[in-house]
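**Student:** To start, I am sharing the structure in question, which I have written as structure tokens.
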Amino acid sequence: MYLNRIAVEADVRVLIGTIEPHPQAGFGGGLKNLLPGLAAAITIGHNHLLTPSAAHYSLVGYPPDENPMRIDLEEGAKLIPRGCTFLVNVVLNPTLDPVAVVAGDPIEAHRAGVHIARTLYGVLLPRPVDVVMTNAHPLDADMRQAGKALLNCAPACRRGGVILGFLRCPEGLANVRLPRLILPFPWLRALARGLGDRGIALVTRRLVPAVPPEARFLLRLTLHMLKDYHVLIYSPRLHKDCLLYTSPSPRD
């Protein structure tokens with residue numbers, strides 16, 4: 001584990017952030033300010049590759065004690081040899097107004113905030129639905145952030161269902177890098193379905209070392225979504241050159 005030296009050597013670390021649904025960590029906030037927040041790229045990549053797993057690639061809303069990414073980052077924070085860490089996290093409503101503030105021990109306070117966030121953001125569904133419509137407003141500056149809305153809602157949609165994303169993305173793709181060469185869309189979907197969950201995990205984990213861990217992580221998520229759902233995105237700010245595939249007709 002590689003962390004910023006100033007943070008590791010500090011006598012007091014104060015972590016300030018928000019607790020909201022997160023597709024990999026279950027909920028944001030807590031010790032995520034340290035890892036991945038102040039970690040080296042290799043450490044971030046290792047932590048992110050703990051999810052998605054073959055069985056669960058969207059862990060939004062999962063209890064922290066059952067989430068491998070959250071467990072890993074909390075174990076990592078305990079390795080810091082000196083100083084104390086103090087947490088100040090806020091829970092916001094959908095219009096970004098604060099509804100609660102938790103402070104104190106970074107694990108215990110975070111658990112209390114997660115309980116509040118779960119009651120605010122969670123909804124009980126009797127079964128997965130056929131169609132999910134979602135957006136990320138106001139956290140939709142670019143495709144990397146806005147795309148979390150698709151992952152957050154994926155567990156609510158049945159396999160083979162449709163997920164509609166309405167994403168503004170005024171800053172475009174931001175730091176999302178698209179591959180220079182890809183298979184035609186129908187071939188790519190057939191490949192993802194043929195590989196299955198375990199095959200996708202195996203292929204992306206064994207990519208050449210030149211492919212950074214973060215890129216492998218994003219590729220795994222993309223192939224899982226492609227295999228299980230029909231994902232349609234409308235964005236007034238993304239032009240055709242930004243897209244992997246432009247549908248010639250609504251049926252495709």
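In the structure tokens, chains take letters A, B, ... by order of appearance, with residues numbered from 1 within each chain and ligands from 1 in the order shown.
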Just want the 7 Å neighbourhood of Gly172 of chain A, counted on only C-alpha atoms, with same-chain residues fewer than 3 positions away dropped. Output as a PyMOL selection string.

**Tutor:** chain A and resi 142-143+169+237-238

**Student:** Those selected residues, please, written with N, CA, C and O atoms and delivered as a PDB file, in the first residue's frame.

**Tutor:**
ATOM      1  N   ASP A 142     -19.087  14.992 -16.374  1.00  0.00           N
ATOM      2  CA  ASP A 142     -18.450  14.260 -17.458  1.00  0.00           C
ATOM      3  C   ASP A 142     -18.926  12.814 -17.434  1.00  0.00           C
ATOM      4  O   ASP A 142     -19.618  12.382 -16.519  1.00  0.00           O
ATOM      5  N   MET A 143     -18.535  12.067 -18.456  1.00  0.00           N
ATOM      6  CA  MET A 143     -19.029  10.712 -18.624  1.00  0.00           C
ATOM      7  C   MET A 143     -18.552   9.790 -17.505  1.00  0.00           C
ATOM      8  O   MET A 143     -19.276   8.884 -17.094  1.00  0.00           O
ATOM      9  N   CYS A 169     -23.157  15.677 -19.254  1.00  0.00           N
ATOM     10  CA  CYS A 169     -21.731  15.611 -19.583  1.00  0.00           C
ATOM     11  C   CYS A 169     -21.220  16.876 -20.284  1.00  0.00           C
ATOM     12  O   CYS A 169     -20.693  16.804 -21.407  1.00  0.00           O
ATOM     13  N   ARG A 237     -24.291  16.770 -25.104  1.00  0.00           N
ATOM     14  CA  ARG A 237     -22.931  17.312 -25.216  1.00  0.00           C
ATOM     15  C   ARG A 237     -21.932  16.326 -25.811  1.00  0.00           C
ATOM     16  O   ARG A 237     -20.805  16.700 -26.073  1.00  0.00           O
ATOM     17  N   LEU A 238     -22.291  15.069 -25.983  1.00  0.00           N
ATOM     18  CA  LEU A 238     -21.375  14.095 -26.560  1.00  0.00           C
ATOM     19  C   LEU A 238     -21.664  13.954 -28.051  1.00  0.00           C
ATOM     20  O   LEU A 238     -22.787  13.682 -28.452  1.00  0.00           O
TER      21      LEU A 238
END

**Student:** Report the closest atom pair, with its distance in Å rounded to one decimal, for each residue of segment 98-162 of chain A that has an atom no farther than 6 Å from segment 213-235 of chain A; count only C-alpha atoms, sort by chain and then rising residue number, and write it as CSV.

**Tutor:**
residue,atom,partner,partner_atom,distance
A:Arg159,CA,A:Asp228,CA,5.1
A:Gly160,CA,A:Tyr229,CA,4.8
A:Gly161,CA,A:Tyr229,CA,5.4
A:Val162,CA,A:His230,CA,4.7

**Student:** Can you write out the residues you just picked, keeping N, CA and C atoms, as a compact mmCIF listing (two decimals), in the first residue's frame?

**Tutor:**
# COMPACT_ATOMS: atom_id res chain seq x y z
N ARG A 159 -32.15 -8.90 -15.99
CA ARG A 159 -31.19 -9.27 -17.03
C ARG A 159 -31.91 -9.26 -18.38
N GLY A 160 -31.34 -8.58 -19.34
CA GLY A 160 -31.96 -8.43 -20.65
C GLY A 160 -32.86 -7.21 -20.74
N GLY A 161 -33.01 -6.48 -19.63
CA GLY A 161 -33.83 -5.28 -19.62
C GLY A 161 -33.11 -4.09 -20.21
N VAL A 162 -33.76 -2.93 -20.14
CA VAL A 162 -33.25 -1.70 -20.76
C VAL A 162 -32.94 -0.67 -19.68

**Student:** Considering only C-alpha atoms, return as a short mmCIF file (atom, residue, chain, number, x, y, z; two decimals) with N, CA, C and O atoms, in the first residue's frame whatever protein or nucleic-acid residues lie within 7 Å of segment 12-29 of chain A, sequence-local ones (same chain, fewer than 4 positions apart) excluded.

**Tutor:**
data_model
loop_
_atom_site.label_atom_id
_atom_site.label_comp_id
_atom_site.auth_asym_id
_atom_site.auth_seq_id
_atom_site.Cartn_x
_atom_site.Cartn_y
_atom_site.Cartn_z
N ALA A 7 0.38 12.77 4.50
CA ALA A 7 -0.76 12.24 5.26
C ALA A 7 -0.33 11.17 6.24
O ALA A 7 -0.80 11.11 7.37
N ASN A 33 -11.24 8.81 1.57
CA ASN A 33 -10.38 9.97 1.39
C ASN A 33 -8.90 9.59 1.41
O ASN A 33 -8.08 10.23 0.75
N THR A 51 -13.48 -5.31 -6.93
CA THR A 51 -14.79 -5.33 -7.55
C THR A 51 -14.62 -4.77 -8.95
O THR A 51 -13.77 -3.91 -9.18
N SER A 58 -21.98 -4.65 -9.45
CA SER A 58 -22.51 -3.42 -8.88
C SER A 58 -22.82 -3.70 -7.41
O SER A 58 -23.70 -4.50 -7.11
N LEU A 59 -22.07 -3.07 -6.52
CA LEU A 59 -22.24 -3.30 -5.10
C LEU A 59 -22.88 -2.09 -4.41
O LEU A 59 -22.68 -1.88 -3.22
N VAL A 60 -23.62 -1.32 -5.17
CA VAL A 60 -24.25 -0.13 -4.60
C VAL A 60 -25.17 -0.54 -3.45
O VAL A 60 -25.94 -1.49 -3.55
N GLY A 61 -25.05 0.16 -2.33
CA GLY A 61 -25.92 -0.11 -1.19
C GLY A 61 -25.50 -1.28 -0.33
O GLY A 61 -26.14 -1.54 0.69
N TYR A 62 -24.44 -2.02 -0.71
CA TYR A 62 -24.03 -3.18 0.08
C TYR A 62 -23.54 -2.73 1.46
O TYR A 62 -22.87 -1.69 1.58
N PRO A 63 -23.81 -3.48 2.50
CA PRO A 63 -23.29 -3.14 3.83
C PRO A 63 -21.77 -3.07 3.80
O PRO A 63 -21.11 -3.91 3.17
N PRO A 64 -21.17 -2.08 4.46
CA PRO A 64 -19.70 -1.94 4.42
C PRO A 64 -18.95 -3.19 4.84
O PRO A 64 -17.90 -3.51 4.27
N ASN A 67 -18.50 -5.64 1.91
CA ASN A 67 -18.01 -5.10 0.65
C ASN A 67 -16.48 -5.24 0.59
O ASN A 67 -15.78 -4.65 1.41
N MET A 69 -14.18 -4.04 -1.39
CA MET A 69 -13.45 -2.80 -1.61
C MET A 69 -13.38 -1.98 -0.32
O MET A 69 -12.33 -1.45 0.05
N ARG A 70 -14.51 -1.89 0.40
CA ARG A 70 -14.55 -1.14 1.65
C ARG A 70 -13.68 -1.81 2.71
O ARG A 70 -12.95 -1.15 3.45
N GLY A 83 -0.24 8.86 14.33
CA GLY A 83 -1.27 9.88 14.22
C GLY A 83 -2.67 9.31 14.37
O GLY A 83 -2.88 8.10 14.51
N CYS A 84 -3.66 10.20 14.39
CA CYS A 84 -5.05 9.79 14.47
C CYS A 84 -5.82 10.34 13.28
O CYS A 84 -5.42 11.34 12.67
N THR A 85 -6.92 9.69 12.95
CA THR A 85 -7.74 10.07 11.81
C THR A 85 -9.14 10.40 12.31
O THR A 85 -9.76 9.59 13.01
N PHE A 86 -9.62 11.57 11.96
CA PHE A 86 -10.93 12.06 12.41
C PHE A 86 -11.81 12.29 11.19
O PHE A 86 -11.37 12.86 10.19
N LEU A 87 -13.06 11.85 11.27
CA LEU A 87 -13.97 11.91 10.13
C LEU A 87 -15.04 12.98 10.32
O LEU A 87 -15.61 13.10 11.41
N VAL A 88 -15.30 13.74 9.27
CA VAL A 88 -16.45 14.64 9.21
C VAL A 88 -17.14 14.38 7.87
O VAL A 88 -16.61 14.74 6.82
N ASN A 89 -18.29 13.72 7.89
CA ASN A 89 -19.03 13.40 6.67
C ASN A 89 -20.43 13.96 6.74
O ASN A 89 -21.05 13.98 7.81
N VAL A 90 -20.94 14.38 5.60
CA VAL A 90 -22.29 14.92 5.52
C VAL A 90 -23.12 14.04 4.59
O VAL A 90 -22.59 13.46 3.63
N VAL A 91 -24.40 13.89 4.90
CA VAL A 91 -25.35 13.20 4.04
C VAL A 91 -26.24 14.27 3.40
O VAL A 91 -26.82 15.10 4.11
N GLY A 113 -23.55 7.17 9.33
CA GLY A 113 -23.97 7.93 8.15
C GLY A 113 -24.55 7.04 7.07
O GLY A 113 -25.49 7.43 6.37
N VAL A 114 -24.00 5.84 6.92
CA VAL A 114 -24.53 4.89 5.93
C VAL A 114 -25.98 4.53 6.26
O VAL A 114 -26.83 4.42 5.37
N ALA A 117 -28.05 7.40 5.06
CA ALA A 117 -28.08 7.46 3.61
C ALA A 117 -28.93 6.35 3.01
O ALA A 117 -29.62 6.54 2.00
N LYS A 148 -21.85 6.63 -13.39
CA LYS A 148 -22.16 5.93 -12.14
C LYS A 148 -23.67 5.76 -11.96
O LYS A 148 -24.12 4.84 -11.29
N LEU A 151 -24.60 2.39 -13.31
CA LEU A 151 -24.20 1.29 -12.43
C LEU A 151 -25.05 1.25 -11.16
O LEU A 151 -25.39 0.18 -10.67
N ASN A 152 -25.37 2.43 -10.63
CA ASN A 152 -26.15 2.47 -9.40
C ASN A 152 -27.54 1.85 -9.58
O ASN A 152 -28.10 1.29 -8.65
#

**Student:** Quick one: pick out all helix (DSSP H, G or I) residues within segment 55-168 of chain A from a backbone DSSP run and write them as a ChimeraX atom specification.

**Tutor:** /A:64-66,68-77,108-121,143-146,148-156

**Student:** So that I can see what lies close to Thr134 of chain A, please list as a list in words the residues with an atom at most 7 Å from it, counting only C-alpha atoms and leaving out residues fewer than 4 positions away in the same chain.

**Tutor:** Ala149, Leu150, Leu164, Gly165 and Phe166 of chain A

**Student:** Calculated over only C-alpha atoms, which of the candidates A:Leu49, A:Leu35, A:Ile44, A:Asp105 has the smallest distance to Ala77 of chain A?

**Tutor:**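 Closest candidate: A:Leu35.
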
**Student:** So, counting only C-alpha atoms, which residue among A:Pro126, A:Gly30, A:Glu9, A:Leu50 is closest to Val102 of chain A?

**Tutor:** A:Gly30

**Student:** Measuring atom to atom with only C-alpha atoms, identify which of A:Ala192, A:Ala201, A:Leu139, A:Met133 is nearest to Glu171 of chain A.

**Tutor:**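 So, comparing all the options, the nearest one is A:Leu139.
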
**Student:** Please provide as a VMD selection string all residues within 12 Å of Glu75 of chain A, with the sequence filter that same-chain residues fewer than 2 positions apart are discarded (counting only C-alpha atoms).

**Tutor:** chain A and resid 1 31 to 32 34 to 35 47 65 68 to 73 77 to 80 107

**Student:** Save the residues we just selected, N, CA and C atoms, as a PDB file, in the first residue's frame?

**Tutor:**
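Contents of out.pdb, as written:
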ATOM      1  N   MET A   1       0.844  -1.187   0.000  1.00  0.00           N
ATOM      2  CA  MET A   1       0.000   0.000   0.000  1.00  0.00           C
ATOM      3  C   MET A   1       0.881   1.239   0.000  1.00  0.00           C
ATOM      4  N   LEU A  31     -13.219   6.293   4.992  1.00  0.00           N
ATOM      5  CA  LEU A  31     -11.770   6.275   4.753  1.00  0.00           C
ATOM      6  C   LEU A  31     -11.401   6.291   3.273  1.00  0.00           C
ATOM      7  N   LYS A  32     -12.393   6.452   2.393  1.00  0.00           N
ATOM      8  CA  LYS A  32     -12.075   6.583   0.967  1.00  0.00           C
ATOM      9  C   LYS A  32     -11.232   7.819   0.678  1.00  0.00           C
ATOM     10  N   LEU A  34      -8.577   8.540   2.168  1.00  0.00           N
ATOM     11  CA  LEU A  34      -7.189   8.076   2.218  1.00  0.00           C
ATOM     12  C   LEU A  34      -6.884   7.103   1.097  1.00  0.00           C
ATOM     13  N   LEU A  35      -7.739   6.106   0.959  1.00  0.00           N
ATOM     14  CA  LEU A  35      -7.577   5.095  -0.079  1.00  0.00           C
ATOM     15  C   LEU A  35      -8.934   4.866  -0.735  1.00  0.00           C
ATOM     16  N   ASN A  47      -7.122  -1.910  -5.276  1.00  0.00           N
ATOM     17  CA  ASN A  47      -8.352  -1.761  -4.504  1.00  0.00           C
ATOM     18  C   ASN A  47      -9.577  -1.834  -5.410  1.00  0.00           C
ATOM     19  N   ASP A  65     -19.461  -3.901   5.836  1.00  0.00           N
ATOM     20  CA  ASP A  65     -18.755  -5.082   6.337  1.00  0.00           C
ATOM     21  C   ASP A  65     -18.816  -6.267   5.385  1.00  0.00           C
ATOM     22  N   PRO A  68     -15.939  -6.017  -0.364  1.00  0.00           N
ATOM     23  CA  PRO A  68     -14.489  -6.258  -0.397  1.00  0.00           C
ATOM     24  C   PRO A  68     -13.675  -4.989  -0.600  1.00  0.00           C
ATOM     25  N   MET A  69     -14.185  -4.039  -1.387  1.00  0.00           N
ATOM     26  CA  MET A  69     -13.451  -2.796  -1.606  1.00  0.00           C
ATOM     27  C   MET A  69     -13.383  -1.978  -0.323  1.00  0.00           C
ATOM     28  N   ARG A  70     -14.508  -1.893   0.402  1.00  0.00           N
ATOM     29  CA  ARG A  70     -14.547  -1.141   1.646  1.00  0.00           C
ATOM     30  C   ARG A  70     -13.684  -1.811   2.715  1.00  0.00           C
ATOM     31  N   ILE A  71     -13.761  -3.136   2.820  1.00  0.00           N
ATOM     32  CA  ILE A  71     -12.952  -3.867   3.795  1.00  0.00           C
ATOM     33  C   ILE A  71     -11.465  -3.627   3.539  1.00  0.00           C
ATOM     34  N   ASP A  72     -11.061  -3.663   2.256  1.00  0.00           N
ATOM     35  CA  ASP A  72      -9.664  -3.486   1.894  1.00  0.00           C
ATOM     36  C   ASP A  72      -9.168  -2.094   2.260  1.00  0.00           C
ATOM     37  N   LEU A  73      -9.937  -1.063   1.937  1.00  0.00           N
ATOM     38  CA  LEU A  73      -9.455   0.288   2.210  1.00  0.00           C
ATOM     39  C   LEU A  73      -9.427   0.582   3.711  1.00  0.00           C
ATOM     40  N   ALA A  77      -6.051   1.560   5.869  1.00  0.00           N
ATOM     41  CA  ALA A  77      -5.913   2.730   6.737  1.00  0.00           C
ATOM     42  C   ALA A  77      -5.361   2.347   8.110  1.00  0.00           C
ATOM     43  N   LYS A  78      -5.670   1.145   8.572  1.00  0.00           N
ATOM     44  CA  LYS A  78      -5.181   0.702   9.886  1.00  0.00           C
ATOM     45  C   LYS A  78      -3.676   0.446   9.882  1.00  0.00           C
ATOM     46  N   LEU A  79      -3.072   0.353   8.691  1.00  0.00           N
ATOM     47  CA  LEU A  79      -1.632   0.129   8.606  1.00  0.00           C
ATOM     48  C   LEU A  79      -0.829   1.407   8.808  1.00  0.00           C
ATOM     49  N   ILE A  80      -1.477   2.571   8.803  1.00  0.00           N
ATOM     50  CA  ILE A  80      -0.758   3.828   9.013  1.00  0.00           C
ATOM     51  C   ILE A  80      -0.177   3.815  10.428  1.00  0.00           C
ATOM     52  N   ILE A 107     -14.599   4.869  11.101  1.00  0.00           N
ATOM     53  CA  ILE A 107     -15.400   3.689  10.768  1.00  0.00           C
ATOM     54  C   ILE A 107     -16.765   3.757  11.438  1.00  0.00           C
TER      55      ILE A 107
END

**Student:** So that I can check the surroundings of Arg127 of chain A, please list as a list in words every protein, DNA and RNA residue that reaches within 12 Å of it, counting only C-alpha atoms and ignoring chain neighbours fewer than 3 positions away.

**Tutor:**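 So the residues in contact are Val123, Leu124, Asp130, Pro155, Ala156, Cys157, Arg158 and Arg159 of chain A.
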
**Student:** Out of A:Gly37, A:Gly76, A:Asn175, A:Asn93, which residue has the shortest atom-to-atom distance to Thr119 of chain A when counting only C-alpha atoms?

**Tutor:** A:Asn93
